[in-house]
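**Student:** Next up, structure_38.cif (mmCIF, C-alpha atoms).
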```cif
data_protein
loop_
_atom_site.label_atom_id
_atom_site.label_comp_id
_atom_site.auth_asym_id
_atom_site.auth_seq_id
_atom_site.Cartn_x
_atom_site.Cartn_y
_atom_site.Cartn_z
CA MET S 1 89.62 257.23 62.42
CA ARG S 2 86.24 256.01 63.61
CA VAL S 3 84.61 253.34 61.46
CA LEU S 4 81.08 251.92 61.57
CA GLY S 5 81.03 248.36 60.28
CA ILE S 6 77.69 247.02 59.05
CA ASP S 7 77.00 243.31 58.51
CA PRO S 8 73.72 243.67 56.61
CA GLY S 9 70.70 241.43 57.20
CA LEU S 10 66.94 241.77 57.47
CA THR S 11 66.55 239.91 60.75
CA ARG S 12 69.81 241.07 62.28
CA CYS S 13 71.97 243.88 60.97
CA GLY S 14 75.25 243.80 62.89
CA VAL S 15 76.63 247.26 63.73
CA GLY S 16 80.03 247.84 65.31
CA VAL S 17 82.02 251.01 65.78
CA VAL S 18 85.80 250.90 66.19
CA GLU S 19 88.30 253.71 66.60
CA GLY S 20 91.93 253.41 65.58
CA SER S 21 94.52 253.80 62.88
CA ILE S 22 97.16 251.61 61.21
CA GLY S 23 99.85 250.58 63.68
CA ARG S 24 98.04 251.89 66.74
CA PRO S 25 95.83 250.06 69.24
CA LEU S 26 92.16 249.74 68.35
CA SER S 27 89.31 250.57 70.67
CA LEU S 28 85.66 249.60 70.76
CA VAL S 29 83.20 252.51 70.65
CA ASP S 30 79.95 250.54 70.60
CA VAL S 31 78.45 247.37 69.16
CA GLY S 32 74.97 245.95 68.71
CA VAL S 33 72.37 244.83 66.21
CA VAL S 34 69.42 246.41 64.42
CA ARG S 35 66.68 243.77 64.46
CA THR S 36 63.42 243.50 62.57
CA ALA S 37 60.80 240.81 63.10
CA ALA S 38 60.19 238.28 60.32
CA ASP S 39 56.40 238.78 60.41
CA VAL S 40 56.65 242.47 59.48
CA PRO S 41 56.18 243.22 55.72
CA ILE S 42 59.48 243.65 53.88
CA GLU S 43 58.96 247.35 53.08
CA GLN S 44 58.39 248.10 56.79
CA ARG S 45 61.48 246.10 57.73
CA LEU S 46 63.57 248.22 55.36
CA CYS S 47 62.15 251.41 56.94
CA LEU S 48 63.03 250.08 60.41
CA ILE S 49 66.57 249.26 59.25
CA GLU S 50 66.95 252.75 57.79
CA ALA S 51 65.77 254.33 61.07
CA GLY S 52 67.95 251.99 63.16
CA LEU S 53 71.10 252.74 61.15
CA GLU S 54 70.37 256.50 61.20
CA GLU S 55 70.23 256.24 64.99
CA TRP S 56 73.63 254.53 65.07
CA LEU S 57 75.14 257.16 62.77
CA ASP S 58 73.74 259.96 64.94
CA ALA S 59 74.95 258.37 68.16
CA THR S 60 78.46 257.38 67.08
CA SER S 61 79.41 259.92 64.34
CA PRO S 62 81.75 257.66 62.34
CA ASP S 63 84.25 259.04 59.79
CA ALA S 64 83.59 256.16 57.41
CA VAL S 65 81.26 253.21 56.93
CA ALA S 66 82.30 249.68 55.91
CA VAL S 67 79.64 247.31 54.60
CA GLU S 68 80.02 243.59 53.94
CA ARG S 69 79.81 242.80 50.24
CA VAL S 70 76.97 240.37 49.59
CA PHE S 71 77.41 237.59 47.04
CA SER S 72 74.56 235.97 45.19
CA GLN S 73 75.96 232.44 45.44
CA HIS S 74 75.50 232.39 49.23
CA ASN S 75 72.29 231.17 50.87
CA VAL S 76 69.81 231.77 48.05
CA LYS S 77 66.86 231.87 50.43
CA THR S 78 68.01 234.93 52.36
CA VAL S 79 70.30 236.60 49.83
CA MET S 80 67.65 238.94 48.38
CA GLY S 81 66.77 240.34 51.80
CA THR S 82 70.45 240.69 52.67
CA ALA S 83 71.07 242.56 49.42
CA GLN S 84 68.15 244.90 50.11
CA ALA S 85 69.40 245.57 53.65
CA SER S 86 72.91 246.26 52.28
CA GLY S 87 71.38 248.72 49.80
CA ILE S 88 69.81 250.62 52.71
CA ALA S 89 73.15 250.61 54.58
CA LEU S 90 74.99 252.05 51.56
CA LEU S 91 72.23 254.62 51.05
CA VAL S 92 72.12 256.03 54.59
CA ALA S 93 75.92 256.36 54.70
CA ALA S 94 76.29 257.96 51.26
CA ARG S 95 73.36 260.32 51.88
CA ARG S 96 75.40 261.82 54.74
CA GLY S 97 78.42 262.18 52.50
CA LEU S 98 80.35 259.57 54.48
CA PRO S 99 82.98 257.54 52.62
CA VAL S 100 81.68 254.00 52.09
CA ALA S 101 83.65 250.86 51.37
CA LEU S 102 82.61 247.29 50.68
CA HIS S 103 84.78 244.44 51.93
CA THR S 104 84.26 240.78 51.09
CA PRO S 105 83.92 238.20 53.90
CA SER S 106 87.32 236.72 52.93
CA GLU S 107 89.00 240.13 53.02
CA VAL S 108 87.59 240.67 56.51
CA LYS S 109 88.64 237.22 57.74
CA ALA S 110 92.12 237.64 56.24
CA ALA S 111 92.50 241.06 57.87
CA VAL S 112 91.66 239.95 61.41
CA THR S 113 92.88 236.32 61.46
CA GLY S 114 95.47 236.14 58.68
CA SER S 115 93.36 233.56 56.81
CA GLY S 116 90.55 234.25 54.35
CA ARG S 117 89.02 230.89 55.30
CA ALA S 118 88.84 231.39 59.06
CA ASP S 119 85.61 230.30 60.77
CA LYS S 120 83.21 232.44 62.82
CA ALA S 121 84.78 231.36 66.11
CA GLN S 122 88.26 232.39 65.00
CA VAL S 123 87.00 235.79 63.82
CA GLY S 124 85.15 236.29 67.13
CA ALA S 125 88.24 235.32 69.12
CA MET S 126 90.46 237.76 67.23
CA VAL S 127 87.94 240.62 67.49
CA THR S 128 87.81 240.02 71.25
CA ARG S 129 91.60 240.00 71.52
CA LEU S 130 92.22 243.01 69.24
CA LEU S 131 89.66 245.16 71.07
CA ARG S 132 90.72 243.80 74.50
CA LEU S 133 87.17 242.74 75.41
CA SER S 134 86.25 240.41 78.25
CA GLU S 135 84.06 238.20 76.03
CA VAL S 136 83.15 237.57 72.38
CA PRO S 137 80.49 240.05 71.20
CA LYS S 138 77.19 238.23 70.50
CA PRO S 139 75.41 237.55 68.18
CA ALA S 140 77.92 236.66 65.43
CA ASP S 141 76.53 239.54 63.29
CA ALA S 142 77.69 242.03 65.94
CA SER S 143 81.12 240.42 66.11
CA ASP S 144 81.37 240.38 62.28
CA SER S 145 80.53 244.08 62.08
CA LEU S 146 83.48 244.85 64.38
CA ALA S 147 85.76 242.67 62.20
CA LEU S 148 84.57 244.71 59.19
CA ALA S 149 85.40 247.98 60.92
CA ILE S 150 88.85 246.68 61.92
CA CYS S 151 89.47 245.43 58.36
CA HIS S 152 88.57 248.89 57.06
CA ILE S 153 90.92 250.68 59.45
CA TRP S 154 93.80 248.31 58.65
CA ARG S 155 93.29 248.64 54.91
CA GLY S 156 93.54 252.39 55.56
CA GLY S 157 90.29 253.07 53.75
CA ALA S 158 92.51 252.66 50.69
CA VAL S 159 90.00 250.88 48.51
CA ASN S 160 87.56 253.64 49.07
CA ARG S 161 90.04 256.44 48.45
CA ILE S 162 91.04 254.87 45.16
CA GLU S 163 87.39 254.45 44.16
CA ALA S 164 86.58 258.01 45.19
CA ALA S 165 89.50 259.36 43.16
CA LEU S 166 88.50 257.31 40.14
CA SER S 167 84.89 258.38 40.40
CA ALA S 168 85.82 262.05 40.88
CA HIS S 169 88.03 261.69 37.81
CA ALA S 170 85.23 260.02 35.87
CA SER S 171 82.67 262.64 36.83
CA ILE S 172 84.98 265.42 35.67
CA HIS S 173 85.98 263.81 32.39
CA ARG S 174 82.86 261.93 31.45
CA PRO S 175 79.51 263.65 31.87
CA THR S 176 77.09 261.20 33.48
CA ARG S 177 73.41 261.32 32.81
CA PRO S 178 71.49 262.75 35.74
CA ALA S 179 68.97 260.53 37.50
CA GLY S 180 65.43 261.70 37.89
CA ARG S 181 62.34 261.98 35.75
CA GLN S 182 63.34 261.19 32.24
CA PRO S 183 60.15 260.66 30.31
CA THR S 184 60.57 258.41 27.28
CA GLY S 185 59.52 259.84 23.97
CA GLY S 186 56.11 259.19 22.51
CA THR S 187 54.28 258.04 25.58
CA HIS S 188 54.74 261.15 27.68
CA ARG S 189 51.73 263.36 28.24
CA MET U 1 43.22 254.33 41.82
CA ARG U 2 46.57 255.67 40.69
CA VAL U 3 49.44 253.20 40.78
CA LEU U 4 53.17 253.75 40.33
CA GLY U 5 54.84 250.63 38.95
CA ILE U 6 58.58 250.28 39.49
CA ASP U 7 60.76 247.82 37.55
CA PRO U 8 63.89 248.08 39.71
CA GLY U 9 67.40 248.23 38.29
CA LEU U 10 70.64 250.11 38.91
CA THR U 11 71.20 251.25 35.33
CA ARG U 12 67.54 251.72 34.44
CA CYS U 13 64.68 251.79 36.93
CA GLY U 14 61.44 251.72 34.93
CA VAL U 15 58.70 253.94 36.39
CA GLY U 16 55.15 254.02 35.06
CA VAL U 17 52.03 255.58 36.50
CA VAL U 18 48.58 254.29 35.51
CA GLU U 19 45.15 255.39 36.66
CA GLY U 20 42.14 253.08 36.61
CA SER U 21 40.06 250.54 38.45
CA ILE U 22 38.79 247.00 37.81
CA GLY U 23 36.38 246.91 34.87
CA ARG U 24 37.01 250.49 33.76
CA PRO U 25 39.36 251.85 31.10
CA LEU U 26 42.95 252.48 32.12
CA SER U 27 44.84 255.67 31.43
CA LEU U 28 48.53 256.54 31.31
CA VAL U 29 49.61 259.28 33.71
CA ASP U 30 53.35 259.27 32.97
CA VAL U 31 56.16 256.89 32.18
CA GLY U 32 59.95 257.05 32.13
CA VAL U 33 63.14 255.71 33.64
CA VAL U 34 65.45 256.70 36.46
CA ARG U 35 68.97 256.12 35.14
CA THR U 36 72.32 255.96 36.89
CA ALA U 37 75.68 255.63 35.13
CA ALA U 38 77.66 252.41 35.60
CA ASP U 39 80.87 254.30 36.47
CA VAL U 40 79.36 255.95 39.55
CA PRO U 41 80.08 254.13 42.88
CA ILE U 42 77.21 251.88 43.97
CA GLU U 43 76.34 253.94 47.09
CA GLN U 44 75.98 257.08 44.95
CA ARG U 45 73.81 255.23 42.44
CA LEU U 46 71.47 254.18 45.25
CA CYS U 47 71.25 257.82 46.42
CA LEU U 48 70.42 258.91 42.86
CA ILE U 49 67.73 256.23 42.59
CA GLU U 50 66.24 257.34 45.92
CA ALA U 51 66.17 260.98 44.74
CA GLY U 52 64.78 260.01 41.34
CA LEU U 53 61.95 257.92 42.79
CA GLU U 54 61.12 260.63 45.35
CA GLU U 55 60.75 263.04 42.43
CA TRP U 56 58.34 260.66 40.68
CA LEU U 57 56.30 260.22 43.86
CA ASP U 58 56.11 263.99 44.36
CA ALA U 59 55.13 264.65 40.76
CA THR U 60 52.53 261.91 40.32
CA SER U 61 51.09 261.35 43.84
CA PRO U 62 50.18 257.67 43.45
CA ASP U 63 47.77 255.87 45.82
CA ALA U 64 49.88 252.72 45.77
CA VAL U 65 53.23 251.43 44.57
CA ALA U 66 53.84 248.10 42.82
CA VAL U 67 57.39 246.76 42.64
CA GLU U 68 58.61 243.80 40.61
CA ARG U 69 59.70 240.93 42.84
CA VAL U 70 63.33 240.05 42.17
CA PHE U 71 64.42 236.42 42.13
CA SER U 72 67.93 235.28 42.88
CA GLN U 73 68.01 232.65 40.14
CA HIS U 74 67.84 235.31 37.41
CA ASN U 75 70.97 236.88 35.90
CA VAL U 76 73.43 236.36 38.76
CA LYS U 77 75.70 239.15 37.55
CA THR U 78 73.15 241.93 37.98
CA VAL U 79 70.82 240.44 40.58
CA MET U 80 72.50 242.03 43.61
CA GLY U 81 72.22 245.53 42.17
CA THR U 82 68.63 244.88 41.16
CA ALA U 83 67.84 243.67 44.68
CA GLN U 84 69.46 246.78 46.19
CA ALA U 85 67.50 249.06 43.85
CA SER U 86 64.27 247.22 44.74
CA GLY U 87 65.07 247.74 48.41
CA ILE U 88 65.30 251.49 47.79
CA ALA U 89 61.98 251.42 45.88
CA LEU U 90 60.22 249.62 48.76
CA LEU U 91 61.78 252.01 51.27
CA VAL U 92 60.77 255.29 49.62
CA ALA U 93 57.19 254.07 49.15
CA ALA U 94 56.75 252.68 52.66
CA ARG U 95 58.37 255.75 54.23
CA ARG U 96 55.49 257.80 52.80
CA GLY U 97 52.95 255.36 54.20
CA LEU U 98 51.92 254.25 50.71
CA PRO U 99 50.66 250.68 50.31
CA VAL U 100 53.30 248.58 48.58
CA ALA U 101 52.86 245.32 46.71
CA LEU U 102 55.33 242.99 45.03
CA HIS U 103 54.30 241.14 41.88
CA THR U 104 56.36 238.46 40.17
CA PRO U 105 57.23 238.78 36.47
CA SER U 106 54.88 235.87 35.64
CA GLU U 107 51.99 237.46 37.56
CA VAL U 108 52.52 240.65 35.57
CA LYS U 109 52.73 238.84 32.22
CA ALA U 110 49.65 236.76 33.04
CA ALA U 111 47.72 239.87 34.05
CA VAL U 112 48.34 241.83 30.85
CA THR U 113 48.67 239.06 28.23
CA GLY U 114 46.83 236.09 29.71
CA SER U 115 50.05 234.04 29.74
CA GLY U 116 52.71 233.94 32.45
CA ARG U 117 55.26 233.03 29.78
CA ALA U 118 54.63 235.91 27.38
CA ASP U 119 57.72 237.61 25.94
CA LYS U 120 58.76 241.28 26.23
CA ALA U 121 57.24 242.14 22.83
CA GLN U 122 53.85 240.70 23.78
CA VAL U 123 53.84 242.60 27.10
CA GLY U 124 54.80 245.81 25.29
CA ALA U 125 52.07 245.31 22.68
CA MET U 126 49.38 244.74 25.32
CA VAL U 127 50.51 247.74 27.42
CA THR U 128 50.28 249.89 24.28
CA ARG U 129 46.81 248.57 23.47
CA LEU U 130 45.42 248.75 27.02
CA LEU U 131 46.59 252.33 27.50
CA ARG U 132 45.64 253.32 23.92
CA LEU U 133 49.13 254.62 23.13
CA SER U 134 50.44 255.37 19.66
CA GLU U 135 53.65 253.36 20.19
CA VAL U 136 55.27 250.91 22.59
CA PRO U 137 56.91 252.75 25.51
CA LYS U 138 60.71 252.40 25.36
CA PRO U 139 62.94 251.15 26.91
CA ALA U 140 61.46 247.78 27.95
CA ASP U 141 61.91 248.75 31.62
CA ALA U 142 59.47 251.64 31.13
CA SER U 143 56.97 249.37 29.40
CA ASP U 144 57.35 246.72 32.14
CA SER U 145 56.69 249.27 34.86
CA LEU U 146 53.36 250.14 33.21
CA ALA U 147 52.50 246.42 33.01
CA LEU U 148 53.25 246.19 36.74
CA ALA U 149 50.93 249.10 37.51
CA ILE U 150 48.16 247.57 35.36
CA CYS U 151 48.65 244.19 37.06
CA HIS U 152 48.30 245.89 40.43
CA ILE U 153 45.09 247.69 39.47
CA TRP U 154 43.54 244.51 38.06
CA ARG U 155 44.47 242.46 41.10
CA GLY U 156 42.67 245.20 43.07
CA GLY U 157 45.62 245.69 45.39
CA ALA U 158 44.24 242.52 47.00
CA VAL U 159 47.55 240.91 47.82
CA ASN U 160 48.60 243.99 49.65
CA ARG U 161 45.35 244.37 51.58
CA ILE U 162 45.58 240.79 52.79
CA GLU U 163 49.20 241.31 53.81
CA ALA U 164 48.37 244.57 55.58
CA ALA U 165 45.51 242.91 57.48
CA LEU U 166 47.71 239.99 58.49
CA SER U 167 50.52 242.24 59.58
CA ALA U 168 48.16 244.52 61.54
CA HIS U 169 46.81 241.38 63.19
CA ALA U 170 50.30 240.15 63.94
CA SER U 171 51.45 243.46 65.41
CA ILE U 172 48.45 243.53 67.75
CA HIS U 173 48.77 239.95 68.93
CA ARG U 174 52.48 239.42 68.85
CA PRO U 175 54.75 242.11 70.25
CA THR U 176 57.63 242.61 67.83
CA ARG U 177 61.04 243.77 68.94
CA PRO U 178 61.71 247.36 68.03
CA ALA U 179 64.56 248.10 65.65
CA GLY U 180 67.27 250.50 66.66
CA ARG U 181 70.28 250.48 68.87
CA GLN U 182 70.28 247.28 70.84
CA PRO U 183 73.65 246.93 72.45
CA THR U 184 74.66 243.35 73.15
CA GLY U 185 75.64 242.49 76.68
CA GLY U 186 79.21 242.40 77.81
CA THR U 187 80.83 244.42 75.07
CA HIS U 188 78.85 247.58 75.54
CA ARG U 189 80.67 250.55 77.03
#
```
Please express the file's structure as structure tokens.

**Tutor:**
Amino acid sequence: MRVLGIDPGLTRCGVGVVEGSIGRPLSLVDVGVVRTAADVPIEQRLCLIEAGLEEWLDATSPDAVAVERVFSQHNVKTVMGTAQASGIALLVAARRGLPVALHTPSEVKAAVTGSGRADKAQVGAMVTRLLRLSEVPKPADASDSLALAICHIWRGGAVNRIEAALSAHASIHRPTRPAGRQPTGGTHR
Amino acid sequence: MRVLGIDPGLTRCGVGVVEGSIGRPLSLVDVGVVRTAADVPIEQRLCLIEAGLEEWLDATSPDAVAVERVFSQHNVKTVMGTAQASGIALLVAARRGLPVALHTPSEVKAAVTGSGRADKAQVGAMVTRLLRLSEVPKPADASDSLALAICHIWRGGAVNRIEAALSAHASIHRPTRPAGRQPTGGTHR
């Protein structure tokens, strides 16, 4: 199973691809960051992130995508941009029909270090050891994206399979309203 | 000038198209909502919002897009989804090369009612009056998207033109790093 982990961000979107399965050694496929400059208007930055992630998907052909779940209580100043970048990450993956899962930072830390409260250095050290690398991947966003991919492999994509099953069940048994142009009554010409 | 206003949201994305220019009467082109069901996985909802907004852009061919600026201090429970939906709105507009502007809720209220603290009912009443409609567009998200479009027309797209000029200036004078695959040293195979 090949997993693309995405640590979303406007300035740096960490992207790491890991191959492996539960109980077998993991291997690094590729790792890097999609960057956008802070002086570029937000809508252009989102386009650049979309194009950057599409390039990674094309180049590495993952079987699944794992995205870090963003919480609103964290750094209020950057959280909106991070949420927008995570929306783009979820979109590009789902548009290709790839299974997508969200993992919280504590789930990721617990998966790779055994503790949900581990610090960045500990996560970096474990990623380096687990993937048998010669040094810690930099910047931290790149290292975190690999931890996300590892977490996803070790959780066996279970969260996602359960969600997919539930949603398939829901879509069969409960008709959902289609998206699209739904003019409201009275004001529609 | 034809403006598509988008009031972003996961459950209801208000979309309203208004034609007009400063000092001339405004006219409604179309208004509605893009809906996604709460039991659909988030990544699928974002895909549905992208498709829904694309449909609106195709059908109404706006000259510009105005999106409501989301603040993190508002309703913490829904703010992440709203931010993700706004990211998709900014993306689909910018991808087409359309000028995009963000207006805050108070800017919109001040533009259509004269007060930045006006309530939903007041905004709805003014939208109905300004567009000479027979009733207030429902739901509130639809009405708010029209207020956004009106705000954008009355501000003359000025904010956006200034931003565009500044960003053009910046991109000429300050080379920005390209987005895309930027492998980090040492861990790249």

**Student:** Around the point (45.1, 252.5, 35.1) (coordinates from the file), which residues reach within 12 Å if we count all atoms listed in the file? Answer as number ranges by chain.

**Tutor:** U: 1-5, 16-30, 62-64, 112, 127, 130-132, 146-156

**Student:** By how many Å are atom CA of U:Gly97 and atom CA of S:Gln44 apart?

**Tutor:**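 Result for atom CA of U:Gly97 versus atom CA of S:Gln44: 9.4 Å, one decimal.
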
**Student:** Which residue gives the smallest distance to U:Gln84 among S:Pro8, S:Asp119, S:Asp141, S:Val100, with only C-alpha atoms counted?

**Tutor:** S:Pro8

**Student:** Apply the PyMOL selection byres ((chain S and resi 45) around 9) to the displayed file and report the matching residues as a PDB file with C-alpha atoms, in the frame of the given file.

**Tutor:**
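Output (result_19.pdb):
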```
ATOM      1  CA  LEU S  10      66.940 241.770  57.470  1.00  0.00           C
ATOM      2  CA  THR S  11      66.550 239.910  60.750  1.00  0.00           C
ATOM      3  CA  ARG S  35      66.680 243.770  64.460  1.00  0.00           C
ATOM      4  CA  THR S  36      63.420 243.500  62.570  1.00  0.00           C
ATOM      5  CA  ALA S  37      60.800 240.810  63.100  1.00  0.00           C
ATOM      6  CA  ALA S  38      60.190 238.280  60.320  1.00  0.00           C
ATOM      7  CA  VAL S  40      56.650 242.470  59.480  1.00  0.00           C
ATOM      8  CA  PRO S  41      56.180 243.220  55.720  1.00  0.00           C
ATOM      9  CA  ILE S  42      59.480 243.650  53.880  1.00  0.00           C
ATOM     10  CA  GLU S  43      58.960 247.350  53.080  1.00  0.00           C
ATOM     11  CA  GLN S  44      58.390 248.100  56.790  1.00  0.00           C
ATOM     12  CA  LEU S  46      63.570 248.220  55.360  1.00  0.00           C
ATOM     13  CA  CYS S  47      62.150 251.410  56.940  1.00  0.00           C
ATOM     14  CA  LEU S  48      63.030 250.080  60.410  1.00  0.00           C
ATOM     15  CA  ILE S  49      66.570 249.260  59.250  1.00  0.00           C
ATOM     16  CA  GLU S  50      66.950 252.750  57.790  1.00  0.00           C
ATOM     17  CA  ALA S  85      69.400 245.570  53.650  1.00  0.00           C
TER      18      ALA S  85
ATOM     19  CA  LEU U  91      61.780 252.010  51.270  1.00  0.00           C
ATOM     20  CA  ALA U 179      64.560 248.100  65.650  1.00  0.00           C
TER      21      ALA U 179
END
```

**Student:** Which distance in Å separates atom CA of S:Val136 and atom CA of S:Gly124, to one decimal?

**Tutor:**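 Atom CA of S:Gly124 lies 5.8 Å from atom CA of S:Val136.
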
**Student:** Measuring between all atoms listed in the file, which one of S:Ala121, S:Ile6, S:Ile88, S:Ala110 shows the shortest distance to chain U?

**Tutor:**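 Looking only at the distances to chain U, the closest residue turns out to be S:Ile88.
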
**Student:** Using all atoms listed in the file, find the one residue out of S:Thr128, S:Thr113, S:Ser106, S:Ser145 that sits nearest to chain U.

**Tutor:**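 Counting all atoms listed in the file, the residue closest to chain U is S:Thr128.
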
**Student:** Of the candidates U:Gly14, U:Gly116, U:Gly9, U:Gly81, which shows the shortest atom-to-atom distance to U:Ala140, using only C-alpha atoms?

**Tutor:**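 Among the listed residues, the smallest separation from U:Ala140 belongs to U:Gly14.
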
**Student:** Could you tell me how far atom CA of U:Ala125 lies from atom CA of U:Val33, in Å and to one decimal?

**Tutor:**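 About the pair atom CA of U:Ala125 and atom CA of U:Val33: they are 18.7 Å apart.
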
**Student:** Output file request: stretch 122-129 of chain S, with all heavy atoms, as a PDB file, in the first residue's frame.

**Tutor:**
```
ATOM      1  N   GLN S 122      10.999  14.194  18.416  1.00  0.00           N
ATOM      2  CA  GLN S 122      10.758  12.760  18.619  1.00  0.00           C
ATOM      3  C   GLN S 122      10.102  12.148  17.373  1.00  0.00           C
ATOM      4  O   GLN S 122      10.474  11.055  16.935  1.00  0.00           O
ATOM      5  CB  GLN S 122       9.808  12.614  19.805  1.00  0.00           C
ATOM      6  CG  GLN S 122      10.203  11.570  20.819  1.00  0.00           C
ATOM      7  CD  GLN S 122       9.179  11.536  21.947  1.00  0.00           C
ATOM      8  OE1 GLN S 122       8.744  12.604  22.417  1.00  0.00           O
ATOM      9  NE2 GLN S 122       8.793  10.350  22.357  1.00  0.00           N
ATOM     10  N   VAL S 123       9.134  12.856  16.813  1.00  0.00           N
ATOM     11  CA  VAL S 123       8.451  12.382  15.601  1.00  0.00           C
ATOM     12  C   VAL S 123       9.471  12.269  14.466  1.00  0.00           C
ATOM     13  O   VAL S 123       9.541  11.244  13.776  1.00  0.00           O
ATOM     14  CB  VAL S 123       7.285  13.328  15.210  1.00  0.00           C
ATOM     15  CG1 VAL S 123       6.719  12.962  13.837  1.00  0.00           C
ATOM     16  CG2 VAL S 123       6.184  13.287  16.267  1.00  0.00           C
ATOM     17  N   GLY S 124      10.293  13.304  14.307  1.00  0.00           N
ATOM     18  CA  GLY S 124      11.321  13.300  13.249  1.00  0.00           C
ATOM     19  C   GLY S 124      12.282  12.144  13.415  1.00  0.00           C
ATOM     20  O   GLY S 124      12.622  11.454  12.447  1.00  0.00           O
ATOM     21  N   ALA S 125      12.700  11.908  14.667  1.00  0.00           N
ATOM     22  CA  ALA S 125      13.649  10.828  14.945  1.00  0.00           C
ATOM     23  C   ALA S 125      13.053   9.467  14.594  1.00  0.00           C
ATOM     24  O   ALA S 125      13.715   8.610  13.986  1.00  0.00           O
ATOM     25  CB  ALA S 125      14.051  10.858  16.421  1.00  0.00           C
ATOM     26  N   MET S 126      11.779   9.258  14.947  1.00  0.00           N
ATOM     27  CA  MET S 126      11.133   7.977  14.664  1.00  0.00           C
ATOM     28  C   MET S 126      10.897   7.771  13.168  1.00  0.00           C
ATOM     29  O   MET S 126      11.065   6.664  12.654  1.00  0.00           O
ATOM     30  CB  MET S 126       9.815   7.843  15.429  1.00  0.00           C
ATOM     31  CG  MET S 126       9.997   7.489  16.904  1.00  0.00           C
ATOM     32  SD  MET S 126      11.060   6.040  17.157  1.00  0.00           S
ATOM     33  CE  MET S 126      10.065   4.748  16.413  1.00  0.00           C
ATOM     34  N   VAL S 127      10.515   8.842  12.467  1.00  0.00           N
ATOM     35  CA  VAL S 127      10.311   8.755  11.016  1.00  0.00           C
ATOM     36  C   VAL S 127      11.634   8.338  10.357  1.00  0.00           C
ATOM     37  O   VAL S 127      11.670   7.450   9.500  1.00  0.00           O
ATOM     38  CB  VAL S 127       9.812  10.117  10.454  1.00  0.00           C
ATOM     39  CG1 VAL S 127       9.981  10.189   8.942  1.00  0.00           C
ATOM     40  CG2 VAL S 127       8.353  10.341  10.844  1.00  0.00           C
ATOM     41  N   THR S 128      12.717   8.947  10.808  1.00  0.00           N
ATOM     42  CA  THR S 128      14.046   8.652  10.265  1.00  0.00           C
ATOM     43  C   THR S 128      14.421   7.189  10.506  1.00  0.00           C
ATOM     44  O   THR S 128      14.902   6.501   9.608  1.00  0.00           O
ATOM     45  CB  THR S 128      15.092   9.576  10.945  1.00  0.00           C
ATOM     46  OG1 THR S 128      14.599  10.912  10.887  1.00  0.00           O
ATOM     47  CG2 THR S 128      16.429   9.500  10.248  1.00  0.00           C
ATOM     48  N   ARG S 129      14.138   6.718  11.728  1.00  0.00           N
ATOM     49  CA  ARG S 129      14.463   5.336  12.072  1.00  0.00           C
ATOM     50  C   ARG S 129      13.591   4.340  11.301  1.00  0.00           C
ATOM     51  O   ARG S 129      14.090   3.379  10.720  1.00  0.00           O
ATOM     52  CB  ARG S 129      14.254   5.139  13.590  1.00  0.00           C
ATOM     53  CG  ARG S 129      14.797   3.818  14.107  1.00  0.00           C
ATOM     54  CD  ARG S 129      14.769   3.772  15.626  1.00  0.00           C
ATOM     55  NE  ARG S 129      15.392   4.965  16.205  1.00  0.00           N
ATOM     56  CZ  ARG S 129      15.278   5.323  17.485  1.00  0.00           C
ATOM     57  NH1 ARG S 129      14.553   4.596  18.311  1.00  0.00           N
ATOM     58  NH2 ARG S 129      15.871   6.406  17.938  1.00  0.00           N
TER      59      ARG S 129
END
```
